[in-house]
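For reference, protein27.csv (CSV, N, CA and C atoms):
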chain,number,residue,atom,x,y,z
A,6,MET,N,232.1,-8.4,7.9
A,6,MET,CA,231.9,-9.7,7.3
A,6,MET,C,233.2,-10.2,6.6
A,7,ILE,N,233.4,-11.5,6.8
A,7,ILE,CA,234.6,-12.1,6.2
A,7,ILE,C,234.4,-12.4,4.7
A,8,SER,N,235.4,-12.2,4.0
A,8,SER,CA,235.3,-12.4,2.5
A,8,SER,C,235.4,-13.8,2.1
A,9,ARG,N,234.9,-14.1,0.9
A,9,ARG,CA,234.9,-15.4,0.3
A,9,ARG,C,236.3,-15.9,0.2
A,10,TYR,N,237.2,-15.1,-0.2
A,10,TYR,CA,238.6,-15.4,-0.4
A,10,TYR,C,239.2,-15.9,0.9
A,11,GLU,N,238.8,-15.2,2.0
A,11,GLU,CA,239.3,-15.6,3.3
A,11,GLU,C,238.8,-16.9,3.8
A,12,ILE,N,237.5,-17.2,3.5
A,12,ILE,CA,236.9,-18.5,3.9
A,12,ILE,C,237.6,-19.6,3.1
A,13,ASN,N,237.8,-19.4,1.8
A,13,ASN,CA,238.5,-20.4,1.0
A,13,ASN,C,239.9,-20.6,1.5
A,14,ARG,N,240.6,-19.6,1.9
A,14,ARG,CA,241.9,-19.7,2.5
A,14,ARG,C,241.9,-20.6,3.8
A,15,LYS,N,240.9,-20.3,4.6
A,15,LYS,CA,240.7,-21.1,5.9
A,15,LYS,C,240.4,-22.6,5.6
A,16,ILE,N,239.6,-22.8,4.6
A,16,ILE,CA,239.3,-24.2,4.2
A,16,ILE,C,240.5,-24.9,3.7
A,17,LYS,N,241.3,-24.2,2.9
A,17,LYS,CA,242.6,-24.8,2.4
A,17,LYS,C,243.5,-25.1,3.6
A,18,SER,N,243.6,-24.2,4.5
A,18,SER,CA,244.5,-24.4,5.7
A,18,SER,C,244.0,-25.6,6.5
A,19,CYS,N,242.7,-25.7,6.6
A,19,CYS,CA,242.1,-26.9,7.4
A,19,CYS,C,242.4,-28.2,6.7
A,20,LEU,N,242.3,-28.2,5.3
A,20,LEU,CA,242.5,-29.4,4.6
A,20,LEU,C,244.0,-29.8,4.7
A,21,VAL,N,244.9,-28.8,4.6
A,21,VAL,CA,246.3,-29.1,4.7
A,21,VAL,C,246.7,-29.6,6.0
A,22,SER,N,246.1,-29.0,7.1
A,22,SER,CA,246.4,-29.4,8.4
A,22,SER,C,246.0,-30.9,8.7
A,23,HIS,N,245.0,-31.3,8.0
A,23,HIS,CA,244.5,-32.7,8.1
A,23,HIS,C,245.1,-33.6,7.0
A,24,LYS,N,246.2,-33.1,6.3
A,24,LYS,CA,247.0,-33.8,5.3
A,24,LYS,C,246.2,-34.3,4.1
A,25,ALA,N,245.2,-33.5,3.7
A,25,ALA,CA,244.4,-33.9,2.5
A,25,ALA,C,245.3,-33.5,1.2
A,26,ASN,N,245.2,-34.4,0.2
A,26,ASN,CA,245.9,-34.2,-1.0
A,26,ASN,C,245.0,-33.2,-1.9
A,27,LEU,N,245.5,-32.0,-2.0
A,27,LEU,CA,244.8,-30.9,-2.7
A,27,LEU,C,244.9,-31.1,-4.2
A,28,ALA,N,245.8,-32.0,-4.7
A,28,ALA,CA,245.9,-32.2,-6.1
A,28,ALA,C,244.7,-33.0,-6.6
A,29,GLU,N,244.0,-33.7,-5.8
A,29,GLU,CA,242.9,-34.5,-6.2
A,29,GLU,C,241.5,-34.0,-5.7
A,30,LEU,N,241.5,-32.9,-5.0
A,30,LEU,CA,240.3,-32.3,-4.4
A,30,LEU,C,240.1,-30.9,-4.8
A,31,VAL,N,238.9,-30.5,-5.3
A,31,VAL,CA,238.6,-29.2,-5.6
A,31,VAL,C,237.6,-28.7,-4.6
A,32,PHE,N,237.8,-27.5,-4.1
A,32,PHE,CA,236.8,-27.0,-3.1
A,32,PHE,C,236.5,-25.5,-3.4
A,33,SER,N,235.4,-25.1,-2.9
A,33,SER,CA,235.0,-23.7,-3.1
A,33,SER,C,233.9,-23.3,-2.0
A,34,PHE,N,233.9,-22.1,-1.7
A,34,PHE,CA,232.9,-21.6,-0.7
A,34,PHE,C,232.0,-20.6,-1.5
A,35,SER,N,230.7,-20.8,-1.4
A,35,SER,CA,229.8,-19.9,-2.0
A,35,SER,C,228.5,-19.8,-1.1
A,36,GLY,N,228.1,-18.5,-0.9
A,36,GLY,CA,226.9,-18.4,0.0
A,36,GLY,C,227.3,-18.8,1.4
A,37,ARG,N,226.7,-19.8,1.9
A,37,ARG,CA,227.0,-20.3,3.2
A,37,ARG,C,227.5,-21.8,3.1
A,38,THR,N,227.8,-22.2,1.9
A,38,THR,CA,228.1,-23.6,1.6
A,38,THR,C,229.5,-23.8,1.1
A,39,ALA,N,230.2,-24.8,1.7
A,39,ALA,CA,231.5,-25.2,1.2
A,39,ALA,C,231.3,-26.5,0.3
A,40,TRP,N,231.8,-26.4,-0.9
A,40,TRP,CA,231.6,-27.5,-1.9
A,40,TRP,C,232.9,-28.2,-2.1
A,41,PHE,N,232.8,-29.6,-2.2
A,41,PHE,CA,234.0,-30.4,-2.4
A,41,PHE,C,233.8,-31.4,-3.5
A,42,HIS,N,234.7,-31.5,-4.5
A,42,HIS,CA,234.6,-32.4,-5.6
A,42,HIS,C,235.9,-33.1,-5.8
A,43,GLY,N,235.9,-34.3,-6.3
A,43,GLY,CA,237.1,-35.1,-6.6
A,43,GLY,C,237.3,-36.3,-5.7
A,44,ARG,N,238.5,-36.5,-5.3
A,44,ARG,CA,238.9,-37.6,-4.4
A,44,ARG,C,239.4,-37.1,-3.1
A,45,LEU,N,239.1,-37.7,-2.0
A,45,LEU,CA,239.6,-37.3,-0.7
A,45,LEU,C,240.6,-38.3,-0.2
A,46,THR,N,241.9,-38.0,-0.5
A,46,THR,CA,243.0,-38.9,-0.1
A,46,THR,C,244.0,-38.0,0.7
A,47,LYS,N,244.9,-38.7,1.4
A,47,LYS,CA,246.0,-38.0,2.1
A,47,LYS,C,247.1,-37.7,1.1
A,48,ILE,N,248.0,-36.8,1.6
A,48,ILE,CA,249.1,-36.4,0.8
A,48,ILE,C,250.0,-37.5,0.4
A,49,GLN,N,250.2,-38.5,1.3
A,49,GLN,CA,251.1,-39.6,1.0
A,49,GLN,C,250.4,-40.7,0.1
A,50,GLY,N,249.1,-40.5,-0.2
A,50,GLY,CA,248.4,-41.4,-1.0
A,50,GLY,C,247.6,-42.4,-0.2
A,51,SER,N,247.8,-42.4,1.1
A,51,SER,CA,247.0,-43.3,1.9
A,51,SER,C,245.5,-42.8,2.0
A,52,GLU,N,244.7,-43.7,2.5
A,52,GLU,CA,243.3,-43.4,2.7
A,52,GLU,C,243.0,-42.8,4.0
A,53,PHE,N,241.9,-41.9,4.1
A,53,PHE,CA,241.4,-41.4,5.3
A,53,PHE,C,240.6,-42.5,6.0
A,54,SER,N,240.5,-42.5,7.3
A,54,SER,CA,239.6,-43.3,8.1
A,54,SER,C,238.3,-42.5,8.2
A,55,VAL,N,237.2,-43.2,8.6
A,55,VAL,CA,235.9,-42.5,8.8
A,55,VAL,C,236.1,-41.4,9.9
A,56,GLU,N,236.8,-41.8,11.0
A,56,GLU,CA,237.0,-40.8,12.1
A,56,GLU,C,237.8,-39.6,11.7
A,57,GLU,N,238.8,-39.8,10.8
A,57,GLU,CA,239.6,-38.7,10.3
A,57,GLU,C,238.7,-37.7,9.5
A,58,ILE,N,237.9,-38.3,8.6
A,58,ILE,CA,237.0,-37.5,7.8
A,58,ILE,C,236.0,-36.8,8.7
A,59,GLU,N,235.4,-37.4,9.7
A,59,GLU,CA,234.5,-36.8,10.6
A,59,GLU,C,235.2,-35.6,11.3
A,60,ASN,N,236.4,-35.8,11.7
A,60,ASN,CA,237.2,-34.7,12.4
A,60,ASN,C,237.4,-33.5,11.4
A,61,LEU,N,237.7,-33.9,10.1
A,61,LEU,CA,237.9,-32.9,9.1
A,61,LEU,C,236.6,-32.1,8.9
A,62,CYS,N,235.5,-32.8,8.7
A,62,CYS,CA,234.2,-32.1,8.5
A,62,CYS,C,233.9,-31.2,9.7
A,63,ASN,N,234.1,-31.7,10.9
A,63,ASN,CA,233.8,-30.9,12.1
A,63,ASN,C,234.7,-29.6,12.1
A,64,ALA,N,235.9,-29.7,11.7
A,64,ALA,CA,236.8,-28.6,11.7
A,64,ALA,C,236.4,-27.6,10.6
A,65,ILE,N,236.0,-28.1,9.4
A,65,ILE,CA,235.6,-27.2,8.4
A,65,ILE,C,234.2,-26.5,8.7
A,66,SER,N,233.3,-27.3,9.3
A,66,SER,CA,232.0,-26.7,9.6
A,66,SER,C,232.1,-25.7,10.8
A,67,ALA,N,233.2,-25.7,11.5
A,67,ALA,CA,233.4,-24.8,12.6
A,67,ALA,C,233.9,-23.4,12.1
A,68,LEU,N,234.3,-23.4,10.9
A,68,LEU,CA,234.9,-22.1,10.3
A,68,LEU,C,233.7,-21.1,10.3
A,69,PRO,N,234.1,-19.8,10.4
A,69,PRO,CA,233.1,-18.8,10.3
A,69,PRO,C,232.4,-18.7,9.0
A,70,ALA,N,231.1,-18.4,9.0
A,70,ALA,CA,230.2,-18.3,7.8
A,70,ALA,C,229.9,-19.6,7.1
A,71,ILE,N,230.4,-20.7,7.5
A,71,ILE,CA,230.1,-22.0,6.8
A,71,ILE,C,228.9,-22.6,7.6
A,72,ARG,N,227.8,-22.8,6.9
A,72,ARG,CA,226.6,-23.5,7.5
A,72,ARG,C,226.3,-24.8,6.9
A,73,PHE,N,226.8,-25.0,5.6
A,73,PHE,CA,226.5,-26.3,4.9
A,73,PHE,C,227.7,-26.8,4.3
A,74,LEU,N,227.8,-28.2,4.2
A,74,LEU,CA,228.9,-28.8,3.5
A,74,LEU,C,228.3,-29.7,2.4
A,75,ASN,N,228.8,-29.6,1.2
A,75,ASN,CA,228.3,-30.4,0.1
A,75,ASN,C,229.4,-31.2,-0.5
A,76,PHE,N,229.3,-32.5,-0.5
A,76,PHE,CA,230.4,-33.4,-1.0
A,76,PHE,C,229.9,-34.1,-2.3
A,77,GLU,N,230.7,-34.0,-3.3
A,77,GLU,CA,230.5,-34.9,-4.5
A,77,GLU,C,231.8,-35.5,-4.8
A,78,LEU,N,232.1,-36.6,-4.1
A,78,LEU,CA,233.4,-37.2,-4.1
A,78,LEU,C,233.3,-38.6,-4.8
A,79,GLU,N,234.4,-39.0,-5.5
A,79,GLU,CA,234.5,-40.2,-6.2
A,79,GLU,C,234.6,-41.4,-5.2
A,80,ASP,N,235.3,-41.2,-4.1
A,80,ASP,CA,235.7,-42.3,-3.3
A,80,ASP,C,234.9,-42.4,-1.9
A,81,TRP,N,234.2,-41.3,-1.5
A,81,TRP,CA,233.5,-41.3,-0.3
A,81,TRP,C,232.1,-40.7,-0.5
A,82,SER,N,231.2,-41.2,0.2
A,82,SER,CA,229.8,-40.7,0.3
A,82,SER,C,229.7,-40.0,1.6
A,83,ILE,N,229.6,-38.7,1.6
A,83,ILE,CA,229.5,-37.9,2.8
A,83,ILE,C,228.2,-37.0,2.7
A,84,SER,N,227.4,-37.1,3.7
A,84,SER,CA,226.2,-36.2,3.8
A,84,SER,C,226.2,-35.6,5.1
A,85,ALA,N,226.0,-34.3,5.2
A,85,ALA,CA,226.1,-33.5,6.4
A,85,ALA,C,224.7,-32.9,6.6
A,86,SER,N,224.3,-33.0,7.9
A,86,SER,CA,223.0,-32.3,8.2
A,86,SER,C,223.0,-31.9,9.7
A,87,LEU,N,222.9,-30.7,10.0
A,87,LEU,CA,222.7,-30.2,11.4
A,87,LEU,C,223.7,-30.8,12.4
A,88,GLY,N,224.9,-30.7,12.1
A,88,GLY,CA,225.9,-31.2,13.1
A,88,GLY,C,226.2,-32.7,13.1
A,89,SER,N,225.6,-33.4,12.2
A,89,SER,CA,225.9,-34.9,12.1
A,89,SER,C,226.3,-35.2,10.7
A,90,PHE,N,227.1,-36.2,10.6
A,90,PHE,CA,227.7,-36.6,9.3
A,90,PHE,C,227.4,-38.1,9.1
A,91,SER,N,227.1,-38.4,7.8
A,91,SER,CA,227.0,-39.8,7.4
A,91,SER,C,228.1,-40.0,6.4
A,92,ILE,N,229.0,-40.9,6.8
A,92,ILE,CA,230.3,-41.1,6.0
A,92,ILE,C,230.4,-42.6,5.7
A,93,ALA,N,230.6,-42.9,4.4
A,93,ALA,CA,230.8,-44.3,3.9
A,93,ALA,C,231.7,-44.3,2.7
A,94,ARG,N,232.5,-45.3,2.7
A,94,ARG,CA,233.4,-45.4,1.5
A,94,ARG,C,232.6,-46.0,0.3
A,95,LYS,N,232.8,-45.4,-0.8
A,95,LYS,CA,232.1,-45.9,-2.0
A,95,LYS,C,232.8,-47.1,-2.5
A,96,THR,N,232.0,-48.0,-3.0
A,96,THR,CA,232.6,-49.2,-3.6
A,96,THR,C,232.9,-48.9,-5.1
A,97,VAL,N,234.1,-49.3,-5.5
A,97,VAL,CA,234.5,-49.1,-6.9
A,97,VAL,C,234.3,-50.4,-7.7
A,98,ALA,N,233.6,-50.3,-8.7
A,98,ALA,CA,233.3,-51.5,-9.6
A,98,ALA,C,234.6,-51.9,-10.3
A,99,ALA,N,234.9,-53.1,-10.4
A,99,ALA,CA,236.1,-53.6,-11.1
A,99,ALA,C,235.9,-53.3,-12.6
A,100,PRO,N,237.0,-52.9,-13.3
A,100,PRO,CA,236.9,-52.6,-14.7
A,100,PRO,C,236.5,-53.9,-15.5
A,101,ALA,N,235.8,-53.7,-16.6
A,101,ALA,CA,235.5,-54.8,-17.4
A,101,ALA,C,236.8,-55.4,-18.0
A,102,SER,N,236.8,-56.7,-18.1
A,102,SER,CA,238.0,-57.3,-18.6
A,102,SER,C,238.2,-57.0,-20.1
A,103,VAL,N,239.3,-56.7,-20.5
A,103,VAL,CA,239.6,-56.5,-21.9
A,103,VAL,C,240.1,-57.7,-22.5
A,104,GLY,N,239.5,-58.1,-23.6
A,104,GLY,CA,239.9,-59.3,-24.3
A,104,GLY,C,241.4,-59.2,-24.8
A,105,TYR,N,241.9,-60.3,-25.3
A,105,TYR,CA,243.3,-60.3,-25.8
A,105,TYR,C,243.3,-59.4,-27.0
A,106,GLN,N,244.3,-58.5,-27.0
A,106,GLN,CA,244.5,-57.7,-28.2
A,106,GLN,C,245.9,-58.0,-28.8
A,107,GLN,N,245.8,-58.3,-30.1
A,107,GLN,CA,247.1,-58.6,-30.7
A,107,GLN,C,247.7,-57.3,-31.2
A,108,PRO,N,249.0,-57.1,-31.0
A,108,PRO,CA,249.7,-55.9,-31.4
A,108,PRO,C,249.8,-55.8,-33.0
A,109,LEU,N,249.7,-54.7,-33.5
A,109,LEU,CA,249.9,-54.4,-34.9
A,109,LEU,C,251.4,-54.2,-35.2
A,110,VAL,N,251.9,-55.1,-36.0
A,110,VAL,CA,253.4,-55.1,-36.3
A,110,VAL,C,253.5,-54.5,-37.7
A,111,ILE,N,254.3,-53.5,-37.9
A,111,ILE,CA,254.5,-52.9,-39.2
A,111,ILE,C,256.0,-53.1,-39.5
A,112,GLU,N,256.2,-53.8,-40.7
A,112,GLU,CA,257.5,-54.0,-41.2
A,112,GLU,C,257.9,-52.9,-42.0
A,113,LYS,N,259.2,-52.6,-42.1
A,113,LYS,CA,259.7,-51.4,-42.8
A,113,LYS,C,259.4,-51.4,-44.2
A,114,ASN,N,259.4,-52.6,-44.9
A,114,ASN,CA,259.2,-52.6,-46.3
A,114,ASN,C,257.7,-52.5,-46.7
A,115,GLU,N,256.8,-52.4,-45.8
A,115,GLU,CA,255.4,-52.3,-46.1
A,115,GLU,C,254.9,-50.9,-45.9
A,116,ASP,N,253.9,-50.5,-46.6
A,116,ASP,CA,253.4,-49.1,-46.5
A,116,ASP,C,252.2,-49.2,-45.5
A,117,ILE,N,252.1,-48.2,-44.6
A,117,ILE,CA,251.1,-48.2,-43.6
A,117,ILE,C,249.7,-48.3,-44.1
A,118,GLU,N,249.4,-47.7,-45.3
A,118,GLU,CA,248.1,-47.7,-45.9
A,118,GLU,C,247.7,-49.2,-46.3
A,119,ASP,N,248.7,-49.9,-46.8
A,119,ASP,CA,248.5,-51.3,-47.2
A,119,ASP,C,248.2,-52.2,-45.9
A,120,ILE,N,248.9,-52.0,-44.8
A,120,ILE,CA,248.7,-52.7,-43.6
A,120,ILE,C,247.3,-52.4,-43.0
A,121,LEU,N,246.9,-51.2,-43.0
A,121,LEU,CA,245.6,-50.8,-42.5
A,121,LEU,C,244.5,-51.4,-43.3
A,122,ALA,N,244.7,-51.3,-44.7
A,122,ALA,CA,243.7,-51.9,-45.6
A,122,ALA,C,243.6,-53.4,-45.4
A,123,ASP,N,244.7,-54.1,-45.2
A,123,ASP,CA,244.7,-55.6,-44.9
A,123,ASP,C,243.9,-55.9,-43.6
A,124,ASN,N,244.2,-55.1,-42.6
A,124,ASN,CA,243.5,-55.3,-41.3
A,124,ASN,C,242.0,-55.0,-41.3
A,125,LEU,N,241.6,-54.1,-42.1
A,125,LEU,CA,240.2,-53.8,-42.2
A,125,LEU,C,239.4,-54.8,-43.0
A,126,VAL,N,240.1,-55.5,-44.0
A,126,VAL,CA,239.5,-56.5,-44.7
A,126,VAL,C,239.3,-57.8,-43.9
A,127,SER,N,240.3,-58.2,-43.1
A,127,SER,CA,240.3,-59.4,-42.3
A,127,SER,C,239.4,-59.3,-41.1
Using the file provided, produce a representation of the structure as structure tokens.
Amino acid sequence: MISRYEINRKIKSCLVSHKANLAELVFSFSGRTAWFHGRLTKIQGSEFSVEEIENLCNAISALPAIRFLNFELEDWSISASLGSFSIARKTVAAPASVGYQQPLVIEKNEDIEDILADNLVS
């Protein structure tokens, strides 16, 4: 029987050969499932295509002892079942606009406690 350590090493090798950025992706093998969390991007920072992700998933699922893939990614929705994959890019909501914020200017001759007290009153 192949060890969990060896399977994790093979998963890492597969990810590296497909140019996945391991700084943004956490993976682990447990039982018969390979788990993936984080973001799935390439080393250069570019994005994967759907076909590249499908090829990566096929390569990982072909490794010995792996029967299931579980993805909890920020940027992709990937579900795997019995040799087929459903892959879609997640849409990212635009951040809420931040209103104009005036900088707090502290002059040397003023005490910080006085400035903060003045700002809290106004």
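Counting only N, CA and C atoms and comparing A:Leu20, A:Leu68, A:Cys62, A:Val55, the residue that lies closest to Ala93 (chain A) is A:Val55.
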(request) Can you pull out every residue within 12 Å of Ile58 (chain A), counting only C-alpha atoms, but drop anything in the same chain fewer than 2 positions away, and send it as a VMD selection string? (result) chain A and resid 19 to 20 23 to 25 45 to 47 52 to 56 60 to 65 76 81 to 85 90 to 94
(request) Report the distance between CA of Asp80 (chain A) and CA of Gly36 (chain A) in Å, rounded to one decimal place. (result)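 We find that CA of Asp80 (chain A) and CA of Gly36 (chain A) lie 25.7 Å from each other.
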Residue set, region 8-73 of chain A restricted to alpha helix (DSSP H), as a short mmCIF file (atom, residue, chain, number, x, y, z; two decimals) with N, CA and C atoms, in the frame of the given file:
data_model
loop_
_atom_site.label_atom_id
_atom_site.label_comp_id
_atom_site.auth_asym_id
_atom_site.auth_seq_id
_atom_site.Cartn_x
_atom_site.Cartn_y
_atom_site.Cartn_z
N ARG A 9 234.90 -14.10 0.90
CA ARG A 9 234.90 -15.40 0.30
C ARG A 9 236.30 -15.90 0.20
N TYR A 10 237.20 -15.10 -0.20
CA TYR A 10 238.60 -15.40 -0.40
C TYR A 10 239.20 -15.90 0.90
N GLU A 11 238.80 -15.20 2.00
CA GLU A 11 239.30 -15.60 3.30
C GLU A 11 238.80 -16.90 3.80
N ILE A 12 237.50 -17.20 3.50
CA ILE A 12 236.90 -18.50 3.90
C ILE A 12 237.60 -19.60 3.10
N ASN A 13 237.80 -19.40 1.80
CA ASN A 13 238.50 -20.40 1.00
C ASN A 13 239.90 -20.60 1.50
N ARG A 14 240.60 -19.60 1.90
CA ARG A 14 241.90 -19.70 2.50
C ARG A 14 241.90 -20.60 3.80
N LYS A 15 240.90 -20.30 4.60
CA LYS A 15 240.70 -21.10 5.90
C LYS A 15 240.40 -22.60 5.60
N ILE A 16 239.60 -22.80 4.60
CA ILE A 16 239.30 -24.20 4.20
C ILE A 16 240.50 -24.90 3.70
N LYS A 17 241.30 -24.20 2.90
CA LYS A 17 242.60 -24.80 2.40
C LYS A 17 243.50 -25.10 3.60
N SER A 18 243.60 -24.20 4.50
CA SER A 18 244.50 -24.40 5.70
C SER A 18 244.00 -25.60 6.50
N CYS A 19 242.70 -25.70 6.60
CA CYS A 19 242.10 -26.90 7.40
C CYS A 19 242.40 -28.20 6.70
N LEU A 20 242.30 -28.20 5.30
CA LEU A 20 242.50 -29.40 4.60
C LEU A 20 244.00 -29.80 4.70
N VAL A 21 244.90 -28.80 4.60
CA VAL A 21 246.30 -29.10 4.70
C VAL A 21 246.70 -29.60 6.00
N SER A 22 246.10 -29.00 7.10
CA SER A 22 246.40 -29.40 8.40
C SER A 22 246.00 -30.90 8.70
N VAL A 55 237.20 -43.20 8.60
CA VAL A 55 235.90 -42.50 8.80
C VAL A 55 236.10 -41.40 9.90
N GLU A 56 236.80 -41.80 11.00
CA GLU A 56 237.00 -40.80 12.10
C GLU A 56 237.80 -39.60 11.70
N GLU A 57 238.80 -39.80 10.80
CA GLU A 57 239.60 -38.70 10.30
C GLU A 57 238.70 -37.70 9.50
N ILE A 58 237.90 -38.30 8.60
CA ILE A 58 237.00 -37.50 7.80
C ILE A 58 236.00 -36.80 8.70
N GLU A 59 235.40 -37.40 9.70
CA GLU A 59 234.50 -36.80 10.60
C GLU A 59 235.20 -35.60 11.30
N ASN A 60 236.40 -35.80 11.70
CA ASN A 60 237.20 -34.70 12.40
C ASN A 60 237.40 -33.50 11.40
N LEU A 61 237.70 -33.90 10.10
CA LEU A 61 237.90 -32.90 9.10
C LEU A 61 236.60 -32.10 8.90
N CYS A 62 235.50 -32.80 8.70
CA CYS A 62 234.20 -32.10 8.50
C CYS A 62 233.90 -31.20 9.70
N ASN A 63 234.10 -31.70 10.90
CA ASN A 63 233.80 -30.90 12.10
C ASN A 63 234.70 -29.60 12.10
N ALA A 64 235.90 -29.70 11.70
CA ALA A 64 236.80 -28.60 11.70
C ALA A 64 236.40 -27.60 10.60
N ILE A 65 236.00 -28.10 9.40
CA ILE A 65 235.60 -27.20 8.40
C ILE A 65 234.20 -26.50 8.70
N SER A 66 233.30 -27.30 9.30
CA SER A 66 232.00 -26.70 9.60
C SER A 66 232.10 -25.70 10.80
#
(message) Please report the interatomic distance between atom C of Gln49 (chain A) and atom N of Asn13 (chain A) in Å with one decimal.
(response)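 Atom-to-atom, atom C of Gln49 (chain A) to atom N of Asn13 (chain A), that is 24.8 Å.
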(request) Would you mind telling me which residue in A:Phe34, A:Thr96, A:Glu59, A:Ala70 lies nearest to Arg9 (chain A) when using only N, CA and C atoms? (result)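 So, comparing all the options, the nearest one is A:Phe34.
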